[in-house]
file upload_20.txt (compact mmCIF, C-alpha atoms and all ligand atoms)
# COMPACT_ATOMS: atom_id res chain seq x y z
CA MET S 1 3.51 30.04 10.65
CA LEU S 2 2.19 29.74 7.09
CA LYS S 3 0.11 32.23 5.20
CA LEU S 4 -1.23 31.82 1.69
CA ASP S 5 -2.34 35.11 0.26
CA ARG S 6 -4.56 34.75 -2.80
CA LEU S 7 -2.52 31.89 -4.18
CA SER S 8 -3.35 30.97 -7.77
CA VAL S 9 -1.68 28.28 -9.84
CA GLU S 10 -2.31 27.67 -13.51
CA TYR S 11 -0.90 24.83 -15.59
CA ARG S 12 -0.22 25.38 -19.25
CA VAL S 13 -2.15 22.79 -21.20
CA ARG S 14 -2.93 22.47 -24.88
CA GLY S 15 -5.08 25.40 -25.90
CA GLY S 16 -4.51 27.62 -22.86
CA TYR S 17 -4.26 27.60 -19.10
CA LEU S 18 -5.92 25.26 -16.66
CA SER S 19 -6.68 27.00 -13.40
CA ALA S 20 -5.80 24.37 -10.76
CA VAL S 21 -5.80 26.70 -7.73
CA LYS S 22 -7.54 30.06 -7.62
CA ASP S 23 -7.31 32.81 -5.01
CA VAL S 24 -6.70 30.55 -2.05
CA SER S 25 -6.03 32.43 1.20
CA LEU S 26 -5.44 30.71 4.49
CA ASN S 27 -3.42 31.00 7.70
CA ILE S 28 -1.93 28.20 9.75
CA GLY S 29 -0.85 29.09 13.27
CA GLU S 30 1.85 27.50 15.39
CA GLY S 31 0.86 24.05 16.63
CA GLU S 32 -2.31 24.10 14.56
CA ILE S 33 -3.63 21.22 12.46
CA PHE S 34 -5.24 22.67 9.36
CA ALA S 35 -7.07 20.32 7.01
CA VAL S 36 -7.63 20.91 3.32
CA VAL S 37 -10.45 18.69 2.18
CA GLY S 38 -12.00 18.04 -1.22
CA GLU S 39 -12.44 15.44 -3.91
CA SER S 40 -9.68 14.29 -6.20
CA GLY S 41 -8.67 16.95 -8.73
CA CYS S 42 -9.58 19.92 -6.50
CA GLY S 43 -6.03 21.29 -6.42
CA LYS S 44 -4.96 20.05 -2.98
CA SER S 45 -1.63 18.58 -4.07
CA THR S 46 -0.98 21.62 -6.23
CA ILE S 47 -1.18 23.78 -3.09
CA ALA S 48 1.24 21.48 -1.25
CA HIS S 49 3.67 21.43 -4.14
CA SER S 50 3.62 25.18 -4.59
CA ILE S 51 4.47 25.70 -0.91
CA MET S 52 7.40 23.28 -1.27
CA ARG S 53 8.24 24.75 -4.68
CA LEU S 54 8.03 21.27 -6.16
CA LEU S 55 5.83 22.15 -9.14
CA PRO S 56 6.97 20.68 -12.48
CA ASP S 57 8.47 24.01 -13.65
CA ARG S 58 7.93 26.18 -16.71
CA ASN S 59 4.61 24.46 -17.16
CA GLU S 60 2.88 26.61 -14.58
CA ARG S 61 2.13 30.15 -13.43
CA VAL S 62 2.07 30.92 -9.71
CA LEU S 63 0.46 34.13 -8.48
CA GLY S 64 -0.06 35.46 -4.96
CA GLY S 65 2.00 35.12 -1.82
CA ILE S 66 3.31 32.14 0.14
CA TYR S 67 4.70 33.32 3.49
CA PHE S 68 6.47 31.04 5.94
CA GLU S 69 7.40 32.61 9.28
CA GLY S 70 6.87 35.96 7.58
CA HIS S 71 9.22 35.28 4.65
CA ASP S 72 7.97 35.13 1.09
CA LEU S 73 9.02 31.66 -0.13
CA ASN S 74 8.66 32.70 -3.76
CA ALA S 75 11.38 35.30 -3.22
CA LEU S 76 13.97 32.74 -2.03
CA ASN S 77 16.59 31.44 -4.44
CA ASP S 78 16.94 27.69 -4.97
CA ARG S 79 19.74 27.31 -2.43
CA GLN S 80 17.76 29.15 0.26
CA MET S 81 14.70 27.07 -0.57
CA THR S 82 16.69 23.86 -0.11
CA GLY S 83 17.43 25.07 3.43
CA VAL S 84 13.71 25.43 4.11
CA ARG S 85 12.61 22.21 2.44
CA GLY S 86 13.05 19.19 4.66
CA LYS S 87 14.49 21.11 7.61
CA LYS S 88 11.79 23.67 8.34
CA ILE S 89 8.97 22.34 6.21
CA GLY S 90 8.64 18.59 5.87
CA MET S 91 6.32 16.75 3.56
CA ILE S 92 4.91 13.25 3.55
CA PHE S 93 3.26 11.92 0.44
CA GLN S 94 0.40 9.57 -0.28
CA ASN S 95 2.80 6.99 -1.63
CA PRO S 96 5.97 6.83 0.48
CA LEU S 97 7.67 4.62 -2.13
CA ASP S 98 7.97 7.73 -4.26
CA SER S 99 10.20 9.36 -1.69
CA LEU S 100 12.15 6.44 -0.22
CA ASN S 101 15.23 5.31 -2.08
CA PRO S 102 14.86 1.59 -2.94
CA VAL S 103 18.59 0.82 -2.81
CA TYR S 104 19.26 2.03 0.74
CA ARG S 105 18.19 0.44 4.01
CA SER S 106 15.22 2.32 5.43
CA GLY S 107 17.09 3.15 8.63
CA SER S 108 20.00 4.75 6.81
CA GLN S 109 17.58 7.14 5.13
CA VAL S 110 16.40 8.26 8.53
CA ALA S 111 20.04 8.40 9.68
CA GLU S 112 20.85 10.72 6.80
CA ALA S 113 18.32 13.18 8.13
CA ILE S 114 20.02 13.07 11.56
CA PHE S 115 23.56 13.17 10.16
CA LEU S 116 22.96 16.72 9.07
CA ASP S 117 23.88 17.88 12.56
CA LYS S 118 25.48 14.88 14.35
CA LYS S 119 28.66 13.03 13.45
CA ASN S 120 28.94 9.97 15.66
CA ARG S 121 27.64 6.95 13.69
CA ALA S 122 26.79 4.72 16.64
CA GLU S 123 24.90 7.53 18.33
CA VAL S 124 22.97 8.26 15.13
CA TRP S 125 21.94 4.61 14.76
CA ARG S 126 20.77 4.50 18.37
CA GLU S 127 18.62 7.51 17.62
CA VAL S 128 17.21 5.93 14.48
CA ILE S 129 16.24 2.82 16.44
CA GLU S 130 14.65 5.09 19.02
CA PHE S 131 12.63 6.83 16.29
CA TYR S 132 11.49 3.43 14.98
CA ARG S 133 10.44 2.51 18.49
CA GLU S 134 8.47 5.74 18.78
CA MET S 135 6.81 4.95 15.45
CA LYS S 136 5.83 1.57 16.93
CA MET S 137 7.72 -0.28 14.21
CA PRO S 138 7.91 -3.98 15.02
CA ASP S 139 11.39 -5.06 16.17
CA PRO S 140 13.08 -1.66 15.69
CA ALA S 141 16.67 -2.95 15.90
CA GLN S 142 15.92 -5.29 13.01
CA SER S 143 13.59 -3.16 10.90
CA VAL S 144 16.09 -0.27 10.59
CA ARG S 145 18.04 -2.71 8.42
CA SER S 146 15.18 -3.51 6.05
CA PHE S 147 14.87 -2.11 2.55
CA PRO S 148 11.75 -0.14 1.58
CA HIS S 149 10.32 -2.99 -0.54
CA GLU S 150 10.50 -5.32 2.45
CA LEU S 151 8.16 -3.09 4.46
CA SER S 152 4.38 -2.83 4.29
CA GLY S 153 2.75 0.42 3.15
CA GLY S 154 1.99 1.43 6.73
CA MET S 155 5.56 0.78 7.83
CA ARG S 156 6.97 2.79 4.92
CA GLN S 157 4.73 5.67 5.88
CA ARG S 158 6.13 5.45 9.41
CA VAL S 159 9.67 5.51 8.06
CA MET S 160 8.71 8.68 6.19
CA ILE S 161 7.36 10.18 9.38
CA ALA S 162 10.49 9.10 11.28
CA MET S 163 12.54 10.97 8.67
CA MET S 164 10.37 14.01 9.30
CA LEU S 165 10.72 13.65 13.07
CA ALA S 166 14.49 13.44 12.74
CA ARG S 167 14.51 16.83 11.05
CA ASN S 168 11.91 18.21 13.45
CA PRO S 169 10.28 20.61 10.96
CA LYS S 170 8.12 23.49 12.13
CA LEU S 171 5.53 22.76 9.48
CA LEU S 172 4.57 19.32 8.28
CA ILE S 173 2.63 18.96 5.05
CA ALA S 174 0.89 15.61 4.84
CA ASP S 175 -0.68 14.95 1.44
CA GLU S 176 -3.26 12.18 1.89
CA PRO S 177 -0.84 10.30 4.16
CA THR S 178 -3.28 7.52 5.02
CA THR S 179 -5.26 7.07 1.79
CA ALA S 180 -3.38 3.92 0.80
CA LEU S 181 -3.50 2.40 4.29
CA ASP S 182 -5.99 0.33 6.22
CA VAL S 183 -8.06 1.78 9.04
CA THR S 184 -5.92 0.51 11.94
CA ILE S 185 -2.72 1.91 10.46
CA GLU S 186 -4.56 5.11 9.57
CA ALA S 187 -5.54 5.55 13.22
CA GLN S 188 -1.93 5.03 14.31
CA ILE S 189 -0.58 7.54 11.79
CA LEU S 190 -3.15 10.11 12.91
CA GLU S 191 -2.14 9.48 16.50
CA ILE S 192 1.52 10.03 15.63
CA MET S 193 0.59 13.35 14.04
CA SER S 194 -1.37 14.47 17.09
CA ARG S 195 1.59 13.55 19.26
CA LEU S 196 3.95 15.51 17.01
CA ARG S 197 1.84 18.56 17.58
CA ALA S 198 1.55 17.96 21.32
CA ASP S 199 5.29 17.31 21.85
CA PHE S 200 6.89 19.75 19.42
CA ASN S 201 4.12 22.23 18.68
CA THR S 202 4.49 21.32 14.99
CA SER S 203 2.02 22.95 12.63
CA ILE S 204 0.41 20.50 10.25
CA LEU S 205 -1.21 21.04 6.88
CA LEU S 206 -3.22 17.88 6.41
CA ILE S 207 -4.60 17.14 2.98
CA THR S 208 -7.41 14.61 2.80
CA HIS S 209 -10.63 13.74 1.00
CA ASN S 210 -12.05 12.23 4.17
CA PHE S 211 -14.19 14.39 6.45
CA GLY S 212 -13.95 11.68 9.12
CA ILE S 213 -10.23 12.39 9.47
CA VAL S 214 -10.93 16.12 9.63
CA ALA S 215 -13.33 15.59 12.54
CA GLU S 216 -10.83 13.40 14.29
CA ILE S 217 -7.74 15.57 14.37
CA ALA S 218 -8.02 18.97 12.70
CA ASP S 219 -8.54 22.36 14.35
CA ARG S 220 -9.52 24.20 11.22
CA VAL S 221 -10.54 23.23 7.74
CA ALA S 222 -10.75 24.62 4.23
CA VAL S 223 -13.15 22.85 1.89
CA MET S 224 -11.85 23.06 -1.67
CA TYR S 225 -13.78 22.70 -4.85
CA ALA S 226 -12.19 22.84 -8.32
CA GLY S 227 -9.24 24.87 -7.07
CA GLU S 228 -11.18 27.34 -4.92
CA VAL S 229 -11.97 27.50 -1.24
CA ALA S 230 -15.72 26.90 -1.02
CA GLU S 231 -15.82 27.29 2.75
CA GLN S 232 -13.43 27.56 5.66
CA GLY S 233 -13.69 27.73 9.42
CA SER S 234 -12.93 25.94 12.64
CA VAL S 235 -13.86 22.28 12.61
CA PHE S 236 -16.54 23.06 15.15
CA GLU S 237 -18.05 25.80 12.95
CA ILE S 238 -17.98 23.67 9.82
CA PHE S 239 -19.63 20.68 11.48
CA GLN S 240 -22.08 22.82 13.44
CA SER S 241 -23.22 24.93 10.50
CA PRO S 242 -21.96 23.81 7.10
CA SER S 243 -22.95 26.65 4.79
CA HIS S 244 -21.73 25.86 1.30
CA PRO S 245 -23.84 23.29 -0.57
CA TYR S 246 -20.66 21.39 -1.44
CA THR S 247 -19.65 21.11 2.23
CA GLU S 248 -23.08 19.71 3.03
CA LEU S 249 -22.83 17.14 0.25
CA LEU S 250 -19.33 16.10 1.29
CA MET S 251 -20.54 15.59 4.84
CA LYS S 252 -23.51 13.53 3.71
CA ALA S 253 -21.10 11.43 1.65
CA LEU S 254 -19.07 10.69 4.78
CA PRO S 255 -18.78 6.93 4.75
CA HIS S 256 -20.28 5.55 7.93
CA GLN S 257 -19.73 1.81 7.97
CA SER S 258 -16.39 1.54 6.24
CA LYS S 259 -14.23 4.57 6.82
CA ARG S 260 -11.86 3.54 4.11
CA GLU S 261 -13.04 4.46 0.65
CA GLY S 262 -10.88 5.33 -2.30
CA ARG S 263 -13.03 8.30 -3.13
CA LEU S 264 -16.44 9.75 -2.46
CA ARG S 265 -18.79 8.31 -5.01
CA THR S 266 -22.08 9.53 -3.71
CA ILE S 267 -21.93 13.02 -5.18
CA GLU S 268 -23.26 13.21 -8.75
CA GLY S 269 -20.89 14.35 -11.48
CA SER S 270 -17.21 15.15 -11.20
CA VAL S 271 -14.88 18.04 -10.52
CA PRO S 272 -14.58 20.12 -13.72
CA ARG S 273 -11.29 21.10 -15.30
CA ILE S 274 -11.46 24.85 -15.67
CA THR S 275 -9.78 27.36 -17.95
CA SER S 276 -8.70 30.51 -16.18
CA ALA S 277 -11.28 32.51 -18.14
CA ALA S 278 -14.36 30.55 -16.97
CA PRO S 279 -16.84 32.84 -15.16
CA GLY S 280 -19.36 31.87 -12.51
CA CYS S 281 -19.40 29.44 -9.63
CA ARG S 282 -17.33 26.33 -10.26
CA PHE S 283 -19.80 24.13 -8.45
CA CYS S 284 -22.96 25.28 -10.25
CA ASN S 285 -23.37 22.28 -12.58
CA ARG S 286 -23.56 19.92 -9.59
CA CYS S 287 -25.23 22.23 -7.11
CA PRO S 288 -28.80 21.56 -5.92
CA ALA S 289 -29.20 25.25 -5.05
CA ALA S 290 -27.85 26.72 -8.31
CA SER S 291 -29.63 29.57 -10.10
CA GLU S 292 -28.93 31.47 -13.31
CA ARG S 293 -26.54 34.01 -11.77
CA CYS S 294 -24.36 31.17 -10.46
CA GLU S 295 -23.39 30.35 -14.05
CA LYS S 296 -22.52 33.92 -14.92
CA HIS S 297 -21.00 35.48 -11.83
CA ALA S 298 -18.42 34.34 -9.31
CA PRO S 299 -20.04 33.99 -5.88
CA PRO S 300 -19.27 36.57 -3.17
CA VAL S 301 -17.42 35.50 -0.03
CA LYS S 302 -19.69 35.75 3.01
CA HIS S 303 -18.48 35.82 6.61
CA LEU S 304 -20.34 34.16 9.46
CA SER S 305 -17.60 34.91 12.00
CA SER S 306 -14.01 36.16 11.90
CA THR S 307 -12.96 32.58 11.12
CA HIS S 308 -15.92 31.09 9.23
CA SER S 309 -16.54 32.09 5.60
CA TYR S 310 -18.02 30.58 2.46
CA ALA S 311 -18.60 31.56 -1.16
CA CYS S 312 -22.16 31.16 -2.43
CA HIS S 313 -24.82 33.35 -4.11
CA ASN S 314 -27.79 31.55 -2.65
CA ARG S 315 -26.99 30.86 0.99
N1 LIG B 401 1.60 19.10 -14.10
C1 LIG B 401 0.32 19.32 -14.43
N2 LIG B 401 -0.01 19.77 -15.66
C2 LIG B 401 -1.30 20.01 -16.00
N3 LIG B 401 -2.35 19.84 -15.16
C3 LIG B 401 -2.08 19.38 -13.93
C4 LIG B 401 -0.75 19.09 -13.48
N4 LIG B 401 -0.82 18.64 -12.19
C5 LIG B 401 -2.13 18.67 -11.85
N5 LIG B 401 -2.89 19.10 -12.89
C6 LIG B 401 -4.36 19.30 -12.87
O1 LIG B 401 -4.65 20.25 -11.86
C7 LIG B 401 -5.85 19.90 -11.19
C8 LIG B 401 -5.59 19.77 -9.69
O2 LIG B 401 -4.74 18.64 -9.46
P1 LIG B 401 -4.24 18.23 -7.99
O3 LIG B 401 -3.63 19.41 -7.34
O4 LIG B 401 -3.39 17.04 -8.15
O5 LIG B 401 -5.59 17.83 -7.24
P2 LIG B 401 -5.84 16.94 -5.93
O6 LIG B 401 -4.55 16.80 -5.21
O7 LIG B 401 -6.88 17.68 -5.15
O8 LIG B 401 -6.37 15.64 -6.40
C9 LIG B 401 -6.35 18.63 -11.84
O9 LIG B 401 -7.31 19.00 -12.82
C10 LIG B 401 -5.12 18.06 -12.49
O10 LIG B 401 -5.46 17.29 -13.60
MG MG B 402 -3.55 15.03 -4.61

call {"tool": "encode", "arguments": {"input": "upload_20.txt", "output": "structure tokens"}}
result
Amino acid sequence: MLKLDRLSVEYRVRGGYLSAVKDVSLNIGEGEIFAVVGESGCGKSTIAHSIMRLLPDRNERVLGGIYFEGHDLNALNDRQMTGVRGKKIGMIFQNPLDSLNPVYRSGSQVAEAIFLDKKNRAEVWREVIEFYREMKMPDPAQSVRSFPHELSGGMRQRVMIAMMLARNPKLLIADEPTTALDVTIEAQILEIMSRLRADFNTSILLITHNFGIVAEIADRVAVMYAGEVAEQGSVFEIFQSPSHPYTELLMKALPHQSKREGRLRTIEGSVPRITSAAPGCRFCNRCPAASERCEKHAPPVKHLSSTHSYACHNR
């Protein structure tokens, strides 16, 4: 469904290029939930935005291939890309207020997504109410009429998902969709996503910093560090035998009592900002297993199975 082939993205910043994503390769199959996990600043949103071609423009360099159903998205013109965006690939953001229009009733924004192929107004509204019911919105007939600011964060996120459902995309990109929400709402949103996959065989690229969510719903996972894939594999493989020191640390940092934490604070240091010329392993300054060669040389990718790989000199 989606294939990233050595995707690299660099942002132009004062004094050179910042390498936000480097050589990321991954494959998402039909009906598969693929999680990208890593701390803030690891390049997760940059990946999502480059797939949707929503990067700021002229400020960045994109290298490598982005293939959706076999077609190179970078080769499409803007009009063709508009046909893909929203209809075939949908995206939900961390903050749904960014993508809901404050001056329109929430229901009419969902209706707009349906109107693309249906003309009868009454029928469209019935469908919107049905979508709200499916999203377990309280009092659907009434809440379709509410404006975004009248809804709670969790309800706005559901409106966003209803908009996605209305378009029935083949691939859904969810960029930290539950980070701003409480645990109960988070569980409901995750359940909606599982149902999407079960009912429509939708593929989902789920971006999160929370390994608990990965364990709950993903099939496969890529662990990102400072723009690179540190390790990837099936969820079973990653939890059974985490092989990159960063994966191990992230798992140890998994909050046990309260699942909801803004960020993982238990790992020393922070994700570095890296110029494209920096050699060596990006994790070495925080790595308990680091040696001298880690500073000088990029780590080799090692394969434990056809699906499980990691990049480390010392493991
Ligand atoms: N438009 C931009 N211009 C320059 N640097 C950016 C831009 N957007 C993101 N970055 C930088 O790229 C890196 C990755 O950011 P991002 O993809 O947002 O990470 P994440 O989503 O994992 O938190 C960060 O260092 C961030 O500061
Ligand atoms: Mg982000």

call {"tool": "residues_around", "arguments": {"input": "upload_20.txt", "residues": "range 221-233 of chain S", "least_positions_apart": "5", "cutoff": "9 Å", "atoms": "all atoms listed in the file", "output": "PyMOL selection string"}}
result
chain S and resi 8-9+19-26+33-39+41-44+46+214+238+242-247+271-274+282-283+301+305-312

call {"tool": "closest_residue", "arguments": {"input": "upload_20.txt", "among": "S:Glu248, S:Asp199, S:Glu176, S:Glu295", "to": "ligand LIG 401 (chain B)", "atoms": "all atoms listed in the file"}}
result
S:Glu176

call {"tool": "residues_around", "arguments": {"input": "upload_20.txt", "residues": "range 95-102 of chain S", "least_positions_apart": "5", "cutoff": "8 Å", "atoms": "all atoms listed in the file", "output": "number ranges by chain"}}
result
S: 109, 147-149, 153, 156-157, 160, 177, 180

call {"tool": "write_last_selection", "arguments": {"input": "upload_20.txt", "atoms": "C-alpha atoms", "output": "PDB file, in the coordinates of the input"}}
result
ATOM      1  CA  GLN S 109      17.580   7.140   5.130  1.00  0.00           C
ATOM      2  CA  PHE S 147      14.870  -2.110   2.550  1.00  0.00           C
ATOM      3  CA  PRO S 148      11.750  -0.140   1.580  1.00  0.00           C
ATOM      4  CA  HIS S 149      10.320  -2.990  -0.540  1.00  0.00           C
ATOM      5  CA  GLY S 153       2.750   0.420   3.150  1.00  0.00           C
ATOM      6  CA  ARG S 156       6.970   2.790   4.920  1.00  0.00           C
ATOM      7  CA  GLN S 157       4.730   5.670   5.880  1.00  0.00           C
ATOM      8  CA  MET S 160       8.710   8.680   6.190  1.00  0.00           C
ATOM      9  CA  PRO S 177      -0.840  10.300   4.160  1.00  0.00           C
ATOM     10  CA  ALA S 180      -3.380   3.920   0.800  1.00  0.00           C
TER      11      ALA S 180
END

call {"tool": "residues_around", "arguments": {"input": "upload_20.txt", "residues": "range 54-56 of chain S", "least_positions_apart": "3", "cutoff": "12 Å", "atoms": "only C-alpha atoms", "output": "JSON, numbers by chain"}}
result
{"S": [9, 10, 11, 12, 20, 45, 46, 47, 48, 49, 50, 51, 59, 60, 61, 62, 74, 78, 81, 82, 85, 91]}

call {"tool": "residues_around", "arguments": {"input": "upload_20.txt", "residues": "Ala113 in chain S", "least_positions_apart": "6", "cutoff": "9 Å", "atoms": "all atoms listed in the file", "output": "list in words"}}
result
Gly86, Lys87, Met163, Met164, Ala166 and Arg167 of chain S

call {"tool": "write_last_selection", "arguments": {"input": "upload_20.txt", "atoms": "C-alpha atoms", "output": "tab-separated table (two decimals), in the coordinates of the input"}}
result
chain	number	residue	atom	x	y	z
S	86	GLY	CA	13.05	19.19	4.66
S	87	LYS	CA	14.49	21.11	7.61
S	163	MET	CA	12.54	10.97	8.67
S	164	MET	CA	10.37	14.01	9.30
S	166	ALA	CA	14.49	13.44	12.74
S	167	ARG	CA	14.51	16.83	11.05

call {"tool": "atom_distance", "arguments": {"input": "upload_20.txt", "atom1": "CA of His209 in chain S", "atom2": "CA of Val13 in chain S"}}
result
25.4 Å

call {"tool": "closest_residue", "arguments": {"input": "upload_20.txt", "among": "S:Ile114, S:Ala162, S:Lys170, S:Gly154", "to": "Arg133 in chain S", "atoms": "only C-alpha atoms"}}
result
S:Ala162

call {"tool": "atom_distance", "arguments": {"input": "upload_20.txt", "atom1": "CA of Lys3 in chain S", "atom2": "CA of Ser203 in chain S"}}
result
12.0 Å

call {"tool": "atom_distance", "arguments": {"input": "upload_20.txt", "atom1": "CA of Glu30 in chain S", "atom2": "CA of Arg158 in chain S"}}
result
23.2 Å

call {"tool": "residues_around", "arguments": {"input": "upload_20.txt", "residues": "Thr275 in chain S", "least_positions_apart": "4", "cutoff": "8 Å", "atoms": "only C-alpha atoms", "output": "JSON, numbers by chain"}}
result
{"S": [16, 17, 18, 19]}

call {"tool": "closest_residue", "arguments": {"input": "upload_20.txt", "among": "S:Ser276, S:Gln240, S:Asn285, S:Gln188", "to": "ligand LIG 401 (chain B)", "atoms": "only C-alpha atoms and all ligand atoms"}}
result
S:Ser276

call {"tool": "decode", "arguments": {"input": "upload_20.txt", "residues": "range 116-138 of chain S", "atoms": "N, CA and C atoms", "output": "compact mmCIF listing (two decimals), in the first residue's frame"}}
result
# COMPACT_ATOMS: atom_id res chain seq x y z
N LEU S 116 -18.91 15.12 -1.96
CA LEU S 116 -18.08 14.88 -3.12
C LEU S 116 -18.73 13.91 -4.09
N ASP S 117 -19.45 12.89 -3.57
CA ASP S 117 -20.07 11.97 -4.52
C ASP S 117 -21.59 11.80 -4.39
N LYS S 118 -22.22 12.49 -3.44
CA LYS S 118 -23.69 12.41 -3.33
C LYS S 118 -24.29 13.80 -3.40
N LYS S 119 -25.52 13.89 -3.92
CA LYS S 119 -26.09 15.23 -4.09
C LYS S 119 -27.26 15.55 -3.16
N ASN S 120 -27.99 14.55 -2.76
CA ASN S 120 -29.19 14.79 -1.95
C ASN S 120 -28.86 15.22 -0.52
N ARG S 121 -29.21 16.47 -0.17
CA ARG S 121 -28.85 17.05 1.12
C ARG S 121 -29.35 16.25 2.32
N ALA S 122 -30.65 15.90 2.27
CA ALA S 122 -31.24 15.20 3.41
C ALA S 122 -30.54 13.86 3.63
N GLU S 123 -30.23 13.20 2.52
CA GLU S 123 -29.57 11.90 2.61
C GLU S 123 -28.17 12.05 3.21
N VAL S 124 -27.48 13.13 2.78
CA VAL S 124 -26.14 13.38 3.29
C VAL S 124 -26.18 13.62 4.80
N TRP S 125 -27.15 14.44 5.26
CA TRP S 125 -27.24 14.71 6.69
C TRP S 125 -27.55 13.46 7.50
N ARG S 126 -28.42 12.60 6.94
CA ARG S 126 -28.69 11.33 7.63
C ARG S 126 -27.41 10.54 7.79
N GLU S 127 -26.60 10.55 6.74
CA GLU S 127 -25.33 9.82 6.81
C GLU S 127 -24.39 10.42 7.84
N VAL S 128 -24.35 11.74 7.88
CA VAL S 128 -23.47 12.41 8.86
C VAL S 128 -23.88 12.02 10.27
N ILE S 129 -25.19 12.04 10.53
CA ILE S 129 -25.68 11.66 11.86
C ILE S 129 -25.31 10.21 12.16
N GLU S 130 -25.39 9.39 11.13
CA GLU S 130 -25.01 7.98 11.29
C GLU S 130 -23.52 7.85 11.65
N PHE S 131 -22.68 8.65 10.97
CA PHE S 131 -21.25 8.64 11.29
C PHE S 131 -21.01 9.09 12.74
N TYR S 132 -21.74 10.11 13.17
CA TYR S 132 -21.59 10.59 14.55
C TYR S 132 -22.00 9.49 15.53
N ARG S 133 -23.06 8.76 15.15
CA ARG S 133 -23.50 7.67 16.02
C ARG S 133 -22.40 6.61 16.11
N GLU S 134 -21.83 6.28 14.95
CA GLU S 134 -20.74 5.30 14.93
C GLU S 134 -19.57 5.74 15.78
N MET S 135 -19.29 7.04 15.78
CA MET S 135 -18.20 7.61 16.56
C MET S 135 -18.56 7.74 18.03
N LYS S 136 -19.77 7.28 18.38
CA LYS S 136 -20.26 7.36 19.76
C LYS S 136 -20.28 8.80 20.27
N MET S 137 -20.63 9.73 19.39
CA MET S 137 -20.82 11.12 19.81
C MET S 137 -22.12 11.19 20.60
N PRO S 138 -22.14 11.92 21.72
CA PRO S 138 -23.39 12.04 22.46
C PRO S 138 -24.42 12.81 21.63
